[in-house]
$ cat input_22.cif   # mmCIF, C-alpha atoms
data_my_file
loop_
_atom_site.label_atom_id
_atom_site.label_comp_id
_atom_site.auth_asym_id
_atom_site.auth_seq_id
_atom_site.Cartn_x
_atom_site.Cartn_y
_atom_site.Cartn_z
CA MET A 68 35.26 56.60 40.84
CA SER A 69 33.39 55.65 37.69
CA ALA A 70 34.21 52.59 35.61
CA GLU A 71 35.74 54.76 32.87
CA GLU A 72 38.18 56.51 35.23
CA GLU A 73 41.55 54.86 35.35
CA GLU A 74 43.27 54.38 38.68
CA ASN A 75 46.37 56.54 39.03
CA ALA A 76 48.23 56.78 42.32
CA ALA A 77 50.12 59.87 41.11
CA GLU A 78 46.81 61.74 41.08
CA LEU A 79 45.52 59.96 44.18
CA LYS A 80 42.97 58.02 42.12
CA ILE A 81 43.45 54.74 43.93
CA GLY A 82 40.00 53.20 43.77
CA GLU A 83 37.17 53.27 46.25
CA ASP A 84 38.49 50.37 48.32
CA PHE A 85 41.83 52.05 48.94
CA ALA A 86 40.41 55.55 49.28
CA LYS A 87 38.43 54.43 52.33
CA ALA A 88 41.13 52.15 53.77
CA ASN A 89 43.38 52.93 56.71
CA CYS A 90 46.84 52.32 55.30
CA LEU A 91 49.65 51.19 57.59
CA THR A 92 53.40 51.55 57.39
CA ASN A 93 55.57 48.44 57.46
CA GLY A 94 56.51 49.29 61.04
CA GLU A 95 52.88 49.40 62.12
CA VAL A 96 52.17 46.07 60.42
CA ALA A 97 55.26 44.61 62.12
CA LEU A 98 53.98 45.69 65.54
CA ILE A 99 50.59 44.08 64.91
CA LEU A 100 52.10 40.84 63.61
CA GLU A 101 54.68 40.66 66.41
CA ARG A 102 51.94 40.90 69.04
CA ARG A 103 49.98 38.16 67.30
CA TYR A 104 53.14 36.05 66.99
CA GLU A 105 53.81 36.38 70.72
CA LYS A 106 50.26 35.25 71.50
CA LEU A 107 50.63 32.28 69.17
CA GLN A 108 53.93 31.32 70.80
CA GLN A 109 52.28 31.29 74.22
CA MET A 110 49.84 28.70 72.90
CA VAL A 111 52.57 26.55 71.32
CA ASP A 112 51.55 23.54 73.42
CA ASP A 113 48.45 23.29 71.28
CA PRO A 114 49.47 21.74 67.91
CA MET A 115 46.63 23.63 66.19
CA ASN A 116 48.22 26.98 67.09
CA GLN A 117 51.66 26.55 65.53
CA THR A 118 52.73 29.45 63.36
CA SER A 119 53.03 28.72 59.68
CA GLN A 120 55.22 30.16 56.95
CA VAL A 121 52.14 31.98 55.69
CA PHE A 122 52.29 33.99 58.92
CA GLU A 123 56.05 34.15 59.41
CA LYS A 124 57.04 35.32 55.89
CA PRO A 125 55.03 38.57 56.00
CA LEU A 126 56.34 39.22 59.51
CA GLN A 127 59.93 38.79 58.31
CA TYR A 128 59.24 41.04 55.33
CA VAL A 129 57.79 43.98 57.27
CA LYS A 130 60.51 43.73 59.91
CA ARG A 131 63.19 43.74 57.22
CA PHE A 132 61.79 46.69 55.27
CA SER A 133 60.53 48.83 58.14
CA ARG A 134 62.67 51.95 58.49
CA TYR A 135 61.51 52.31 62.08
CA GLN A 136 61.71 49.38 64.48
CA GLN A 137 60.82 50.75 67.90
CA GLN A 138 57.19 51.30 68.89
CA ASP A 139 57.87 54.90 69.96
CA SER A 140 59.50 55.73 66.62
CA ILE A 141 56.65 54.14 64.69
CA LYS A 142 54.10 56.17 66.67
CA GLN A 143 56.13 59.36 66.12
CA VAL A 144 56.21 58.79 62.37
CA ARG A 145 52.42 58.36 62.27
CA TYR A 146 51.96 61.48 64.40
CA ILE A 147 54.31 63.60 62.28
CA LEU A 148 52.82 62.55 58.97
CA SER A 149 49.23 62.90 60.18
CA ASN A 150 49.88 66.61 60.85
CA PHE A 151 50.50 67.33 57.15
CA GLN A 152 47.06 66.71 55.57
CA LEU A 153 48.22 63.54 53.83
CA ALA A 154 45.87 60.91 52.51
CA GLU A 155 46.34 57.50 54.16
CA PHE A 156 47.96 56.15 51.00
CA GLU A 157 50.44 59.05 50.90
CA LEU A 158 51.22 58.67 54.59
CA ALA A 159 52.03 54.98 54.18
CA VAL A 160 54.21 55.52 51.11
CA ILE A 161 56.23 58.33 52.69
CA GLY A 162 56.47 56.46 56.00
CA ASN A 163 57.75 53.34 54.24
CA LEU A 164 60.08 54.86 51.66
CA CYS A 165 61.44 57.73 53.78
CA PRO A 166 62.39 60.21 51.06
CA GLU A 167 65.22 62.52 52.05
CA THR A 168 64.55 65.46 49.73
CA VAL A 169 61.49 67.34 48.51
CA GLU A 170 62.25 66.14 44.98
CA GLU A 171 62.33 62.49 46.11
CA ALA A 172 59.07 62.92 48.01
CA MET A 173 57.35 64.46 44.99
CA ALA A 174 58.71 61.74 42.69
CA MET A 175 57.46 59.00 45.02
CA VAL A 176 54.12 60.66 45.82
CA PRO A 177 53.29 63.24 43.13
CA SER A 178 49.86 63.84 44.64
CA ILE A 179 51.36 65.69 47.64
CA LYS A 180 51.68 68.77 45.43
CA ASP A 181 47.99 68.85 44.42
CA LYS A 182 46.39 72.25 44.27
CA GLY A 183 44.29 73.29 47.22
CA ARG A 184 46.57 71.66 49.80
CA ALA A 185 48.89 73.41 52.19
CA LEU A 186 51.91 71.33 51.19
CA ASP A 187 54.35 73.64 49.48
CA ASP A 188 58.05 72.81 49.20
CA GLU A 189 58.73 74.36 52.58
CA ALA A 190 56.08 72.26 54.35
CA ILE A 191 57.33 69.08 52.67
CA GLU A 192 60.89 69.94 53.72
CA ARG A 193 59.71 70.48 57.31
CA MET A 194 57.92 67.11 57.26
CA LEU A 195 61.04 65.33 55.95
CA ASN A 196 63.21 67.05 58.56
CA ASP A 197 60.86 65.90 61.31
CA LEU A 198 61.08 62.32 60.03
CA SER A 199 64.85 62.60 59.78
CA ARG A 200 65.04 63.60 63.43
CA VAL A 201 63.20 60.41 64.40
CA LYS A 202 65.76 58.33 62.46
CA LYS A 203 68.72 60.27 63.91
CA PHE A 204 67.38 59.92 67.44
CA LYS A 205 67.09 56.16 66.91
CA VAL A 206 70.71 56.00 65.73
CA CYS A 207 71.89 58.04 68.74
CA VAL A 208 70.05 55.76 71.16
CA LEU A 209 71.49 52.64 69.53
CA LEU A 210 75.00 54.10 69.60
CA PHE A 211 74.59 55.02 73.25
CA LEU A 212 73.40 51.51 74.11
CA PHE A 213 76.27 49.97 72.16
CA VAL A 214 78.84 52.08 74.00
CA CYS A 215 77.25 51.34 77.38
CA LEU A 216 77.18 47.60 76.76
CA HIS A 217 80.76 47.39 75.54
CA TRP A 218 82.32 49.64 78.17
CA THR A 219 80.83 47.99 81.22
#

$ encode --input "input_22.cif" --output "structure tokens"
Amino acid sequence: MSAEEEENAAELKIGEDFAKANCLTNGEVALILERRYEKLQQMVDDPMNQTSQVFEKPLQYVKRFSRYQQQDSIKQVRYILSNFQLAEFELAVIGNLCPETVEEAMAMVPSIKDKGRALDDEAIERMLNDLSRVKKFKVCVLLFLFVCLHWT
């Protein structure tokens, strides 16, 4: 991207640094930070390895705003979205914001309707339905666990 070109996420002009970056969803970041947090807690005897607010605040943030909490769900979301020719930036935005309609998806990520891509309204609807199934499955599992725990 030349110096004169203005960055514009709606047109997927996000700058060279971001164009080459592997973007993560909040759930993926939460998994990475949780693993690191667990390792730091195991070394708590060493005063040099205590976790700081600088570490804990981002962890709290991504856990709070992640639409998917379980590792399996997070992996499913990545798998589903990676099958739809999305740029990393688009994948992360859709995975984090979880639009429910084609119109919402296009408003959040206008670049998904760029010419030359196979994402018509039907494909976007299919993608959103696949994501919705992951959320519904999570709710069903949680409801099942709740019932099992309270009826035993």

$ resolve_selection --input "input_22.cif" --expression "the PyMOL selection byres ((chain A and resi 152) around 12)" --output "list in words"
Arg145, Tyr146, Ile147, Leu148, Ser149, Asn150, Phe151, Leu153, Ala154, Glu155, Phe156, Glu157, Leu158, Ser178, Ile179, Lys180, Asp181, Gly183, Arg184, Ala185, Leu186, Asp187, Ala190, Ile191 and Met194 of chain A

$ resolve_selection --input "input_22.cif" --expression "the PyMOL selection byres ((chain A and resi 121-130) around 8)" --output "number ranges by chain"
A: 93-94, 96-97, 100-101, 118-120, 131-133, 136

$ write_last_selection --input "input_22.cif" --atoms "C-alpha atoms" --output "short mmCIF file (atom, residue, chain, number, x, y, z; two decimals), keeping the file's coordinate frame"
data_model
loop_
_atom_site.label_atom_id
_atom_site.label_comp_id
_atom_site.auth_asym_id
_atom_site.auth_seq_id
_atom_site.Cartn_x
_atom_site.Cartn_y
_atom_site.Cartn_z
CA ASN A 93 55.57 48.44 57.46
CA GLY A 94 56.51 49.29 61.04
CA VAL A 96 52.17 46.07 60.42
CA ALA A 97 55.26 44.61 62.12
CA LEU A 100 52.10 40.84 63.61
CA GLU A 101 54.68 40.66 66.41
CA THR A 118 52.73 29.45 63.36
CA SER A 119 53.03 28.72 59.68
CA GLN A 120 55.22 30.16 56.95
CA ARG A 131 63.19 43.74 57.22
CA PHE A 132 61.79 46.69 55.27
CA SER A 133 60.53 48.83 58.14
CA GLN A 136 61.71 49.38 64.48
#

$ axis_aligned_box --input "input_22.cif" --around "range 84-98 of chain A" --padding-each-side "5 Å" --output "JSON"
{"center_x": 47.5, "center_y": 50.1, "center_z": 56.9, "size_x": 28.1, "size_y": 20.9, "size_z": 27.2}

$ atom_distance --input "input_22.cif" --atom1 "CA of Asp139 in chain A" --atom2 "CA of Lys106 in chain A"
21.1 Å

$ resolve_selection --input "input_22.cif" --expression "the PyMOL selection byres ((chain A and resi 77) around 7)" --output "mmCIF file with C-alpha atoms, in the coordinates of the input"
data_model
loop_
_atom_site.group_PDB
_atom_site.id
_atom_site.type_symbol
_atom_site.label_atom_id
_atom_site.label_comp_id
_atom_site.auth_asym_id
_atom_site.auth_seq_id
_atom_site.Cartn_x
_atom_site.Cartn_y
_atom_site.Cartn_z
ATOM 1 C CA ASN A 75 46.370 56.540 39.030
ATOM 2 C CA ALA A 76 48.230 56.780 42.320
ATOM 3 C CA GLU A 78 46.810 61.740 41.080
ATOM 4 C CA LEU A 79 45.520 59.960 44.180
ATOM 5 C CA VAL A 176 54.120 60.660 45.820
ATOM 6 C CA PRO A 177 53.290 63.240 43.130
ATOM 7 C CA SER A 178 49.860 63.840 44.640
#

$ atom_distance --input "input_22.cif" --atom1 "CA of Lys142 in chain A" --atom2 "CA of Ile161 in chain A"
14.3 Å

$ atom_distance --input "input_22.cif" --atom1 "CA of Tyr135 in chain A" --atom2 "CA of Leu198 in chain A"
10.2 Å

$ closest_residue --input "input_22.cif" --among "A:Lys87, A:Glu95, A:Thr168, A:Arg103" --to "Ser140 in chain A" --atoms "only C-alpha atoms"
A:Glu95

$ closest_residue --input "input_22.cif" --among "A:Glu167, A:Asp188, A:Glu105, A:Glu73" --to "Lys202 in chain A" --atoms "all atoms listed in the file"
A:Glu167

$ decode --input "input_22.cif" --residues "range 80-214 of chain A" --atoms "C-alpha atoms" --output "PDB file, in the first residue's frame"
ATOM      1  CA  LYS A  80      -7.153  -1.786   2.971  1.00  0.00           C
ATOM      2  CA  ILE A  81      -5.752  -2.366   6.432  1.00  0.00           C
ATOM      3  CA  GLY A  82      -2.079  -1.653   5.966  1.00  0.00           C
ATOM      4  CA  GLU A  83       0.803  -3.975   5.257  1.00  0.00           C
ATOM      5  CA  ASP A  84       1.335  -4.949   8.884  1.00  0.00           C
ATOM      6  CA  PHE A  85      -2.231  -6.146   9.319  1.00  0.00           C
ATOM      7  CA  ALA A  86      -2.529  -7.641   5.843  1.00  0.00           C
ATOM      8  CA  LYS A  87       0.248 -10.101   6.690  1.00  0.00           C
ATOM      9  CA  ALA A  88      -0.823 -10.707  10.302  1.00  0.00           C
ATOM     10  CA  ASN A  89      -2.617 -13.763  11.617  1.00  0.00           C
ATOM     11  CA  CYS A  90      -5.608 -12.273  13.399  1.00  0.00           C
ATOM     12  CA  LEU A  91      -7.143 -14.076  16.361  1.00  0.00           C
ATOM     13  CA  THR A  92     -10.612 -14.058  17.844  1.00  0.00           C
ATOM     14  CA  ASN A  93     -11.079 -13.092  21.481  1.00  0.00           C
ATOM     15  CA  GLY A  94     -11.657 -16.760  22.284  1.00  0.00           C
ATOM     16  CA  GLU A  95      -8.342 -17.765  20.739  1.00  0.00           C
ATOM     17  CA  VAL A  96      -6.511 -15.028  22.637  1.00  0.00           C
ATOM     18  CA  ALA A  97      -8.244 -16.158  25.842  1.00  0.00           C
ATOM     19  CA  LEU A  98      -7.010 -19.730  25.323  1.00  0.00           C
ATOM     20  CA  ILE A  99      -3.434 -18.551  24.816  1.00  0.00           C
ATOM     21  CA  LEU A 100      -3.501 -16.239  27.832  1.00  0.00           C
ATOM     22  CA  GLU A 101      -5.181 -18.845  30.061  1.00  0.00           C
ATOM     23  CA  ARG A 102      -2.437 -21.359  29.292  1.00  0.00           C
ATOM     24  CA  ARG A 103       0.214 -18.771  30.080  1.00  0.00           C
ATOM     25  CA  TYR A 104      -1.631 -17.793  33.266  1.00  0.00           C
ATOM     26  CA  GLU A 105      -1.711 -21.428  34.406  1.00  0.00           C
ATOM     27  CA  LYS A 106       2.042 -21.732  33.838  1.00  0.00           C
ATOM     28  CA  LEU A 107       2.654 -18.530  35.784  1.00  0.00           C
ATOM     29  CA  GLN A 108       0.497 -19.774  38.657  1.00  0.00           C
ATOM     30  CA  GLN A 109       2.556 -22.966  38.869  1.00  0.00           C
ATOM     31  CA  MET A 110       5.629 -20.812  39.429  1.00  0.00           C
ATOM     32  CA  VAL A 111       3.949 -18.620  42.064  1.00  0.00           C
ATOM     33  CA  ASP A 112       6.580 -19.557  44.654  1.00  0.00           C
ATOM     34  CA  ASP A 113       9.025 -17.421  42.725  1.00  0.00           C
ATOM     35  CA  PRO A 114       8.245 -13.739  43.511  1.00  0.00           C
ATOM     36  CA  MET A 115       9.561 -12.736  40.076  1.00  0.00           C
ATOM     37  CA  ASN A 116       6.804 -14.743  38.356  1.00  0.00           C
ATOM     38  CA  GLN A 117       3.726 -13.167  39.929  1.00  0.00           C
ATOM     39  CA  THR A 118       1.093 -12.125  37.436  1.00  0.00           C
ATOM     40  CA  SER A 119       0.510  -8.427  37.102  1.00  0.00           C
ATOM     41  CA  GLN A 120      -2.538  -6.373  36.194  1.00  0.00           C
ATOM     42  CA  VAL A 121      -0.898  -5.780  32.829  1.00  0.00           C
ATOM     43  CA  PHE A 122      -1.379  -9.495  32.188  1.00  0.00           C
ATOM     44  CA  GLU A 123      -4.649 -10.065  34.036  1.00  0.00           C
ATOM     45  CA  LYS A 124      -6.660  -7.160  32.532  1.00  0.00           C
ATOM     46  CA  PRO A 125      -6.371  -8.348  28.908  1.00  0.00           C
ATOM     47  CA  LEU A 126      -7.188 -11.886  30.040  1.00  0.00           C
ATOM     48  CA  GLN A 127     -10.338 -10.657  31.798  1.00  0.00           C
ATOM     49  CA  TYR A 128     -11.283  -8.606  28.735  1.00  0.00           C
ATOM     50  CA  VAL A 129     -11.019 -11.418  26.182  1.00  0.00           C
ATOM     51  CA  LYS A 130     -12.811 -13.848  28.476  1.00  0.00           C
ATOM     52  CA  ARG A 131     -15.634 -11.359  28.993  1.00  0.00           C
ATOM     53  CA  PHE A 132     -16.101 -10.515  25.316  1.00  0.00           C
ATOM     54  CA  SER A 133     -15.470 -13.919  23.779  1.00  0.00           C
ATOM     55  CA  ARG A 134     -18.694 -15.347  22.359  1.00  0.00           C
ATOM     56  CA  TYR A 135     -17.211 -18.826  22.548  1.00  0.00           C
ATOM     57  CA  GLN A 136     -15.628 -20.085  25.757  1.00  0.00           C
ATOM     58  CA  GLN A 137     -14.872 -23.754  25.189  1.00  0.00           C
ATOM     59  CA  GLN A 138     -11.783 -24.826  23.257  1.00  0.00           C
ATOM     60  CA  ASP A 139     -13.821 -27.073  20.943  1.00  0.00           C
ATOM     61  CA  SER A 140     -16.212 -24.236  20.073  1.00  0.00           C
ATOM     62  CA  ILE A 141     -13.340 -21.841  19.430  1.00  0.00           C
ATOM     63  CA  LYS A 142     -11.696 -24.362  17.093  1.00  0.00           C
ATOM     64  CA  GLN A 143     -15.015 -24.962  15.299  1.00  0.00           C
ATOM     65  CA  VAL A 144     -15.486 -21.239  14.715  1.00  0.00           C
ATOM     66  CA  ARG A 145     -11.997 -20.954  13.188  1.00  0.00           C
ATOM     67  CA  TYR A 146     -12.644 -24.014  11.016  1.00  0.00           C
ATOM     68  CA  ILE A 147     -16.034 -22.774   9.800  1.00  0.00           C
ATOM     69  CA  LEU A 148     -14.834 -19.282   8.975  1.00  0.00           C
ATOM     70  CA  SER A 149     -11.652 -20.498   7.284  1.00  0.00           C
ATOM     71  CA  ASN A 150     -13.789 -22.400   4.752  1.00  0.00           C
ATOM     72  CA  PHE A 151     -15.310 -19.176   3.373  1.00  0.00           C
ATOM     73  CA  GLN A 152     -12.309 -17.440   1.749  1.00  0.00           C
ATOM     74  CA  LEU A 153     -12.181 -14.737   4.414  1.00  0.00           C
ATOM     75  CA  ALA A 154      -9.158 -12.572   5.046  1.00  0.00           C
ATOM     76  CA  GLU A 155      -7.729 -12.961   8.560  1.00  0.00           C
ATOM     77  CA  PHE A 156      -9.090  -9.553   9.542  1.00  0.00           C
ATOM     78  CA  GLU A 157     -12.587 -10.476   8.333  1.00  0.00           C
ATOM     79  CA  LEU A 158     -12.445 -13.828  10.099  1.00  0.00           C
ATOM     80  CA  ALA A 159     -11.545 -12.198  13.417  1.00  0.00           C
ATOM     81  CA  VAL A 160     -14.241  -9.519  13.139  1.00  0.00           C
ATOM     82  CA  ILE A 161     -16.994 -11.982  12.276  1.00  0.00           C
ATOM     83  CA  GLY A 162     -15.771 -14.463  14.898  1.00  0.00           C
ATOM     84  CA  ASN A 163     -15.777 -11.761  17.574  1.00  0.00           C
ATOM     85  CA  LEU A 164     -18.954  -9.883  16.711  1.00  0.00           C
ATOM     86  CA  CYS A 165     -21.086 -12.868  15.629  1.00  0.00           C
ATOM     87  CA  PRO A 166     -23.519 -11.171  13.260  1.00  0.00           C
ATOM     88  CA  GLU A 167     -26.862 -12.925  13.030  1.00  0.00           C
ATOM     89  CA  THR A 168     -28.029 -11.736   9.609  1.00  0.00           C
ATOM     90  CA  VAL A 169     -26.428 -11.192   6.210  1.00  0.00           C
ATOM     91  CA  GLU A 170     -27.169  -7.474   6.548  1.00  0.00           C
ATOM     92  CA  GLU A 171     -25.377  -7.293   9.910  1.00  0.00           C
ATOM     93  CA  ALA A 172     -22.389  -9.184   8.523  1.00  0.00           C
ATOM     94  CA  MET A 173     -22.122  -6.848   5.533  1.00  0.00           C
ATOM     95  CA  ALA A 174     -22.477  -3.776   7.762  1.00  0.00           C
ATOM     96  CA  MET A 175     -19.727  -5.020  10.091  1.00  0.00           C
ATOM     97  CA  VAL A 176     -17.434  -6.296   7.327  1.00  0.00           C
ATOM     98  CA  PRO A 177     -18.361  -4.635   4.009  1.00  0.00           C
ATOM     99  CA  SER A 178     -15.363  -6.220   2.287  1.00  0.00           C
ATOM    100  CA  ILE A 179     -16.991  -9.689   2.369  1.00  0.00           C
ATOM    101  CA  LYS A 180     -19.062  -8.665  -0.652  1.00  0.00           C
ATOM    102  CA  ASP A 181     -16.057  -7.693  -2.809  1.00  0.00           C
ATOM    103  CA  LYS A 182     -16.238  -8.698  -6.432  1.00  0.00           C
ATOM    104  CA  GLY A 183     -14.355 -11.798  -7.452  1.00  0.00           C
ATOM    105  CA  ARG A 184     -15.145 -13.699  -4.252  1.00  0.00           C
ATOM    106  CA  ALA A 185     -17.550 -16.563  -3.856  1.00  0.00           C
ATOM    107  CA  LEU A 186     -19.414 -14.952  -0.969  1.00  0.00           C
ATOM    108  CA  ASP A 187     -22.891 -14.162  -2.172  1.00  0.00           C
ATOM    109  CA  ASP A 188     -25.793 -13.655   0.236  1.00  0.00           C
ATOM    110  CA  GLU A 189     -26.497 -17.378   0.282  1.00  0.00           C
ATOM    111  CA  ALA A 190     -22.922 -18.288   1.225  1.00  0.00           C
ATOM    112  CA  ILE A 191     -22.861 -15.640   3.964  1.00  0.00           C
ATOM    113  CA  GLU A 192     -26.172 -16.962   5.301  1.00  0.00           C
ATOM    114  CA  ARG A 193     -24.752 -20.509   5.327  1.00  0.00           C
ATOM    115  CA  MET A 194     -21.664 -19.290   7.213  1.00  0.00           C
ATOM    116  CA  LEU A 195     -23.805 -17.498   9.817  1.00  0.00           C
ATOM    117  CA  ASN A 196     -26.030 -20.559  10.225  1.00  0.00           C
ATOM    118  CA  ASP A 197     -22.965 -22.727  10.825  1.00  0.00           C
ATOM    119  CA  LEU A 198     -21.756 -20.300  13.502  1.00  0.00           C
ATOM    120  CA  SER A 199     -25.215 -20.208  15.044  1.00  0.00           C
ATOM    121  CA  ARG A 200     -25.190 -23.988  15.377  1.00  0.00           C
ATOM    122  CA  VAL A 201     -21.966 -23.782  17.385  1.00  0.00           C
ATOM    123  CA  LYS A 202     -23.598 -21.287  19.778  1.00  0.00           C
ATOM    124  CA  LYS A 203     -26.805 -23.341  20.056  1.00  0.00           C
ATOM    125  CA  PHE A 204     -24.852 -26.524  20.717  1.00  0.00           C
ATOM    126  CA  LYS A 205     -22.977 -24.749  23.511  1.00  0.00           C
ATOM    127  CA  VAL A 206     -26.277 -23.624  25.070  1.00  0.00           C
ATOM    128  CA  CYS A 207     -27.703 -27.160  24.846  1.00  0.00           C
ATOM    129  CA  VAL A 208     -24.633 -28.638  26.523  1.00  0.00           C
ATOM    130  CA  LEU A 209     -24.760 -26.059  29.320  1.00  0.00           C
ATOM    131  CA  LEU A 210     -28.472 -26.664  29.851  1.00  0.00           C
ATOM    132  CA  PHE A 211     -27.891 -30.414  29.959  1.00  0.00           C
ATOM    133  CA  LEU A 212     -25.104 -30.006  32.520  1.00  0.00           C
ATOM    134  CA  PHE A 213     -27.249 -27.678  34.620  1.00  0.00           C
ATOM    135  CA  VAL A 214     -30.123 -30.166  34.668  1.00  0.00           C
TER     136      VAL A 214
END
